[in-house]
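Report on one structure; see the data block that follows.
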Amino acid sequence: MSLEIHQFPCLNDNYGYLVHEPKSGATAAIDTPDAKAIEKALKEKGWTLTHILNTHHHYDHAGGNEELKAKTGCTIIGPKGEAAKIPGLDRAVGDGDMVELGEARARVFDVPGHTAGHVAYYFEDDGVAFVGDTLFALGCGRLFEGTPEQMWTSLSKLMALPDDTIVYCAHEYTQANARFAVTVDPENEALAARAKEIDEKRAKGEWTVPTTIGLEKATNPFLRAADPKLRHAIGLDAASDVEVFAETRHRKDNF
């Protein structure tokens with residue numbers, strides 16, 4: 001990998017990420033959940049903030065934009081579909097656009113569902129994706145602004161990435177997600193083993209993020225709408241993938 005990625009907890013359950021391209025010194029914050037925590041992390045690493053890459057407009061993702069921009073003069077890049085809601089936005093991007101961070105390049109994916117204009121950033125050469133609140137370890141974002149059809153399409157885009165893609169999501173929700181996942185995918189042995197491992201990690205205060213596309217495809221019920229056993233478990237053997245996903249999301253919302 002050419003990129004250096006620094007992960008740190010902030011707020012109640014968010015993760016902050018700094019992405020550093022060492023040849024140029026360019027450094028991006030993926031979202032700005034907590035400006036003070038980001039400043040502290042930058043100081044610890046000895047990096048200078050040059051970019052902010054916003055995934056969506058929610059306050060715990062863009063709330064630190066203007067404070068950080070005022071102090072660093074960084075360039076703020078965010079989703080076209082939410083341009084009016086991204087504080088301090090300099091460049092609006094959408095599906096297929098490329099974002100340069102020094103010598104590194106990220107492809108933008110439109111992944112609406114959680115919000116109407118949510119995007120993800122995929123650094124193909126480094127095999128890493130920053131997915132905000134679209135995909136979580138063993139979960140996906142609530143559909144605050146989008147439809148099940150939109151979110152299923154978005155998740156399908158992410159599922160098409162290579163299995164070894166490292167996925168950085170924005171929250172430590174995995175243990176709660178696992179408790180739900182086993183109720184809709186009870187025969188999944190890989191999921192049962194993962195849930196046990198997650199409990200052990202959290203008991204020791206360890207993080208469960210990042211994850212990988214391959215691991216999520218094998219264990220995350222929101223990516224497994226085509227699986228016959230999951231379909232049977234929720235009584236939708238003959239339904240469409242979108243219908244299975246929608247029912248799974250509905251159950252999680254009421255879990």
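Chain identifiers are assigned as A, B, and so on, following the order in which chains appear in the structure tokens; residues are numbered from 1 within each chain, and ligands are numbered from 1 in order of appearance.
Within 8 Å of Ile213 (chain A), once only C-alpha atoms are used and residues closer than 2 positions along the same chain are dropped, the contacting residues are A:Leu158, A:Met159, A:Leu161, A:Pro162, A:Asp163, A:Asp164, A:Thr165, A:Ile166, A:Val167, A:Thr211, A:Leu215, A:Glu216, A:Lys217.
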Write the residues of the selection above to a file with C-alpha atoms, as an mmCIF file, in the first residue's frame.
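Writing the result to result14.cif gives the following:
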data_model
loop_
_atom_site.group_PDB
_atom_site.id
_atom_site.type_symbol
_atom_site.label_atom_id
_atom_site.label_comp_id
_atom_site.auth_asym_id
_atom_site.auth_seq_id
_atom_site.Cartn_x
_atom_site.Cartn_y
_atom_site.Cartn_z
ATOM 1 C CA LEU A 158 -19.952 -2.296 -3.248
ATOM 2 C CA MET A 159 -20.412 -6.076 -3.460
ATOM 3 C CA LEU A 161 -15.578 -4.734 -5.578
ATOM 4 C CA PRO A 162 -12.846 -7.362 -5.105
ATOM 5 C CA ASP A 163 -13.384 -9.570 -2.052
ATOM 6 C CA ASP A 164 -10.100 -8.443 -0.491
ATOM 7 C CA THR A 165 -11.128 -4.763 -0.577
ATOM 8 C CA ILE A 166 -10.690 -3.300 2.901
ATOM 9 C CA VAL A 167 -13.844 -1.503 3.979
ATOM 10 C CA THR A 211 -13.779 -5.305 7.472
ATOM 11 C CA LEU A 215 -16.250 -11.161 4.815
ATOM 12 C CA GLU A 216 -19.368 -9.042 4.491
ATOM 13 C CA LYS A 217 -20.656 -11.058 1.529
#
Write out as an mmCIF file with N, CA and C atoms, in the first residue's frame the residues lying within 10 Å of Thr174 (chain A), counting only C-alpha atoms and excluding same-chain residues fewer than 2 positions away.
data_model
loop_
_atom_site.group_PDB
_atom_site.id
_atom_site.type_symbol
_atom_site.label_atom_id
_atom_site.label_comp_id
_atom_site.auth_asym_id
_atom_site.auth_seq_id
_atom_site.Cartn_x
_atom_site.Cartn_y
_atom_site.Cartn_z
ATOM 1 N N PHE A 136 -22.038 -1.194 6.808
ATOM 2 C CA PHE A 136 -21.341 -1.387 8.080
ATOM 3 C C PHE A 136 -20.880 -2.834 8.177
ATOM 4 N N ALA A 137 -19.985 -3.091 9.107
ATOM 5 C CA ALA A 137 -19.644 -4.476 9.425
ATOM 6 C C ALA A 137 -20.914 -5.147 9.942
ATOM 7 N N LEU A 138 -21.400 -6.125 9.206
ATOM 8 C CA LEU A 138 -22.632 -6.863 9.505
ATOM 9 C C LEU A 138 -23.897 -6.011 9.449
ATOM 10 N N GLY A 139 -23.832 -4.861 8.794
ATOM 11 C CA GLY A 139 -25.014 -4.019 8.721
ATOM 12 C C GLY A 139 -25.034 -3.114 7.522
ATOM 13 N N HIS A 171 -18.871 3.737 11.775
ATOM 14 C CA HIS A 171 -19.327 3.528 13.150
ATOM 15 C C HIS A 171 -18.950 2.138 13.669
ATOM 16 N N GLU A 172 -18.837 2.039 14.979
ATOM 17 C CA GLU A 172 -18.624 0.771 15.668
ATOM 18 C C GLU A 172 -19.989 0.232 16.112
ATOM 19 N N ALA A 176 -23.872 -5.004 17.945
ATOM 20 C CA ALA A 176 -25.331 -4.917 17.864
ATOM 21 C C ALA A 176 -25.839 -5.497 16.547
ATOM 22 N N ASN A 177 -25.113 -5.236 15.467
ATOM 23 C CA ASN A 177 -25.499 -5.798 14.173
ATOM 24 C C ASN A 177 -25.462 -7.314 14.195
ATOM 25 N N ALA A 178 -24.464 -7.879 14.865
ATOM 26 C CA ALA A 178 -24.330 -9.337 14.929
ATOM 27 C C ALA A 178 -25.497 -9.967 15.668
ATOM 28 N N ARG A 179 -25.952 -9.317 16.721
ATOM 29 C CA ARG A 179 -27.078 -9.858 17.491
ATOM 30 C C ARG A 179 -28.323 -9.962 16.632
ATOM 31 N N PHE A 180 -28.497 -8.984 15.739
ATOM 32 C CA PHE A 180 -29.616 -9.066 14.811
ATOM 33 C C PHE A 180 -29.357 -10.081 13.717
ATOM 34 N N ALA A 181 -28.163 -10.071 13.147
ATOM 35 C CA ALA A 181 -27.870 -10.893 11.966
ATOM 36 C C ALA A 181 -28.185 -12.367 12.190
ATOM 37 N N ALA A 195 -19.717 -13.778 15.032
ATOM 38 C CA ALA A 195 -20.387 -13.143 16.166
ATOM 39 C C ALA A 195 -19.654 -13.444 17.471
ATOM 40 N N ILE A 198 -16.508 -11.374 17.540
ATOM 41 C CA ILE A 198 -16.814 -9.966 17.808
ATOM 42 C C ILE A 198 -17.042 -9.742 19.298
ATOM 43 N N ASP A 199 -17.788 -10.643 19.935
ATOM 44 C CA ASP A 199 -18.020 -10.517 21.379
ATOM 45 C C ASP A 199 -16.697 -10.541 22.140
ATOM 46 N N ARG A 202 -14.840 -7.127 21.533
ATOM 47 C CA ARG A 202 -15.438 -5.996 22.232
ATOM 48 C C ARG A 202 -15.247 -6.122 23.741
ATOM 49 N N TRP A 207 -11.394 -2.885 18.377
ATOM 50 C CA TRP A 207 -12.244 -2.467 17.266
ATOM 51 C C TRP A 207 -12.607 -3.656 16.382
ATOM 52 N N THR A 208 -13.757 -3.547 15.717
ATOM 53 C CA THR A 208 -14.160 -4.570 14.743
ATOM 54 C C THR A 208 -14.142 -4.027 13.315
ATOM 55 N N VAL A 209 -13.670 -2.819 13.149
ATOM 56 C CA VAL A 209 -13.553 -2.140 11.856
ATOM 57 C C VAL A 209 -12.073 -1.845 11.632
#
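Residue nearest Ala92 (chain A) within the list A:Gln175, A:Ser24, A:Thr55, A:Thr72: A:Thr55 [criterion: smallest interatomic distance, only C-alpha atoms].
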Spatial neighbours of Asn65 (chain A), max dist 9 Å, only C-alpha atoms, sep filter under 2 positions, as an mmCIF file with C-alpha atoms, in the first residue's frame:
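Output saved as result_26.cif:
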data_model
loop_
_atom_site.group_PDB
_atom_site.id
_atom_site.type_symbol
_atom_site.label_atom_id
_atom_site.label_comp_id
_atom_site.auth_asym_id
_atom_site.auth_seq_id
_atom_site.Cartn_x
_atom_site.Cartn_y
_atom_site.Cartn_z
ATOM 1 C CA ASP A 31 -15.679 13.058 6.965
ATOM 2 C CA THR A 32 -15.332 15.369 9.960
ATOM 3 C CA PRO A 33 -17.202 13.897 12.917
ATOM 4 C CA ALA A 35 -12.794 18.627 14.475
ATOM 5 C CA ILE A 52 -11.795 16.637 3.415
ATOM 6 C CA ASN A 54 -17.336 13.942 2.777
ATOM 7 C CA HIS A 61 -19.886 13.427 9.111
ATOM 8 C CA ALA A 62 -19.653 17.054 8.019
ATOM 9 C CA GLY A 63 -19.991 18.998 11.250
ATOM 10 C CA GLU A 67 -13.659 24.717 11.604
ATOM 11 C CA LEU A 68 -11.000 22.586 9.927
ATOM 12 C CA LYS A 69 -11.122 24.558 6.677
ATOM 13 C CA ALA A 70 -10.704 27.840 8.566
ATOM 14 C CA ILE A 76 -13.603 20.106 0.793
ATOM 15 C CA ILE A 86 -22.151 20.167 2.769
ATOM 16 C CA PRO A 87 -20.555 23.030 4.753
ATOM 17 C CA GLY A 88 -17.698 24.757 2.937
ATOM 18 C CA LEU A 89 -17.916 22.555 -0.158
#
Quick check for you: according to DSSP on this backbone, which residues of region 3-237 of chain A are classed as alpha helix (DSSP H)? Reply as a ChimeraX atom specification.
/A:35-45,59-62,65-72,148-159,174-184,189-203,213-219,228-233
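Coordinates place CA of Leu101 (chain A) at a distance of 7.5 Å from CA of Ala28 (chain A).
Take CA of Asn254 (chain A) and CA of Met151 (chain A): the distance between them is 18.1 Å.
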Among A:Arg107, A:His114, A:His57, A:Arg194, Cys140 (chain A) is approached most closely, using only C-alpha atoms, by A:His114
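With distances restricted to only C-alpha atoms, A:Tyr168 is the closest residue to Leu18 (chain A) from A:Val184, A:Ala193, A:Tyr168, A:Lys85.
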What's the separation between CA of Glu4 (chain A) and CA of Glu21 (chain A), in Å to one decimal place?
6.5 Å
Can you pull out every residue from region 143-244 of chain A that DSSP, working from the backbone, puts in strand (DSSP E), and format the result as a PDB file with N, CA, C and O atoms, in the first residue's frame?
ATOM      1  N   ILE A 166     -10.540  -3.648   1.486  1.00  0.00           N
ATOM      2  CA  ILE A 166     -10.690  -3.300   2.901  1.00  0.00           C
ATOM      3  C   ILE A 166     -11.721  -2.188   3.010  1.00  0.00           C
ATOM      4  O   ILE A 166     -11.627  -1.170   2.319  1.00  0.00           O
ATOM      5  N   VAL A 167     -12.702  -2.407   3.864  1.00  0.00           N
ATOM      6  CA  VAL A 167     -13.844  -1.503   3.979  1.00  0.00           C
ATOM      7  C   VAL A 167     -13.774  -0.751   5.300  1.00  0.00           C
ATOM      8  O   VAL A 167     -13.803  -1.357   6.378  1.00  0.00           O
ATOM      9  N   TYR A 168     -13.692   0.573   5.194  1.00  0.00           N
ATOM     10  CA  TYR A 168     -13.693   1.438   6.367  1.00  0.00           C
ATOM     11  C   TYR A 168     -15.064   2.093   6.478  1.00  0.00           C
ATOM     12  O   TYR A 168     -15.418   2.954   5.671  1.00  0.00           O
ATOM     13  N   CYS A 169     -15.833   1.668   7.455  1.00  0.00           N
ATOM     14  CA  CYS A 169     -17.142   2.273   7.689  1.00  0.00           C
ATOM     15  C   CYS A 169     -17.050   3.218   8.881  1.00  0.00           C
ATOM     16  O   CYS A 169     -16.046   3.255   9.590  1.00  0.00           O
ATOM     17  N   THR A 211     -13.382  -3.976   7.881  1.00  0.00           N
ATOM     18  CA  THR A 211     -13.779  -5.305   7.472  1.00  0.00           C
ATOM     19  C   THR A 211     -13.358  -5.472   6.007  1.00  0.00           C
ATOM     20  O   THR A 211     -12.575  -4.677   5.491  1.00  0.00           O
ATOM     21  N   THR A 212     -13.839  -6.516   5.347  1.00  0.00           N
ATOM     22  CA  THR A 212     -13.565  -6.699   3.917  1.00  0.00           C
ATOM     23  C   THR A 212     -14.865  -7.017   3.183  1.00  0.00           C
ATOM     24  O   THR A 212     -15.839  -7.498   3.776  1.00  0.00           O
TER      25      THR A 212
END
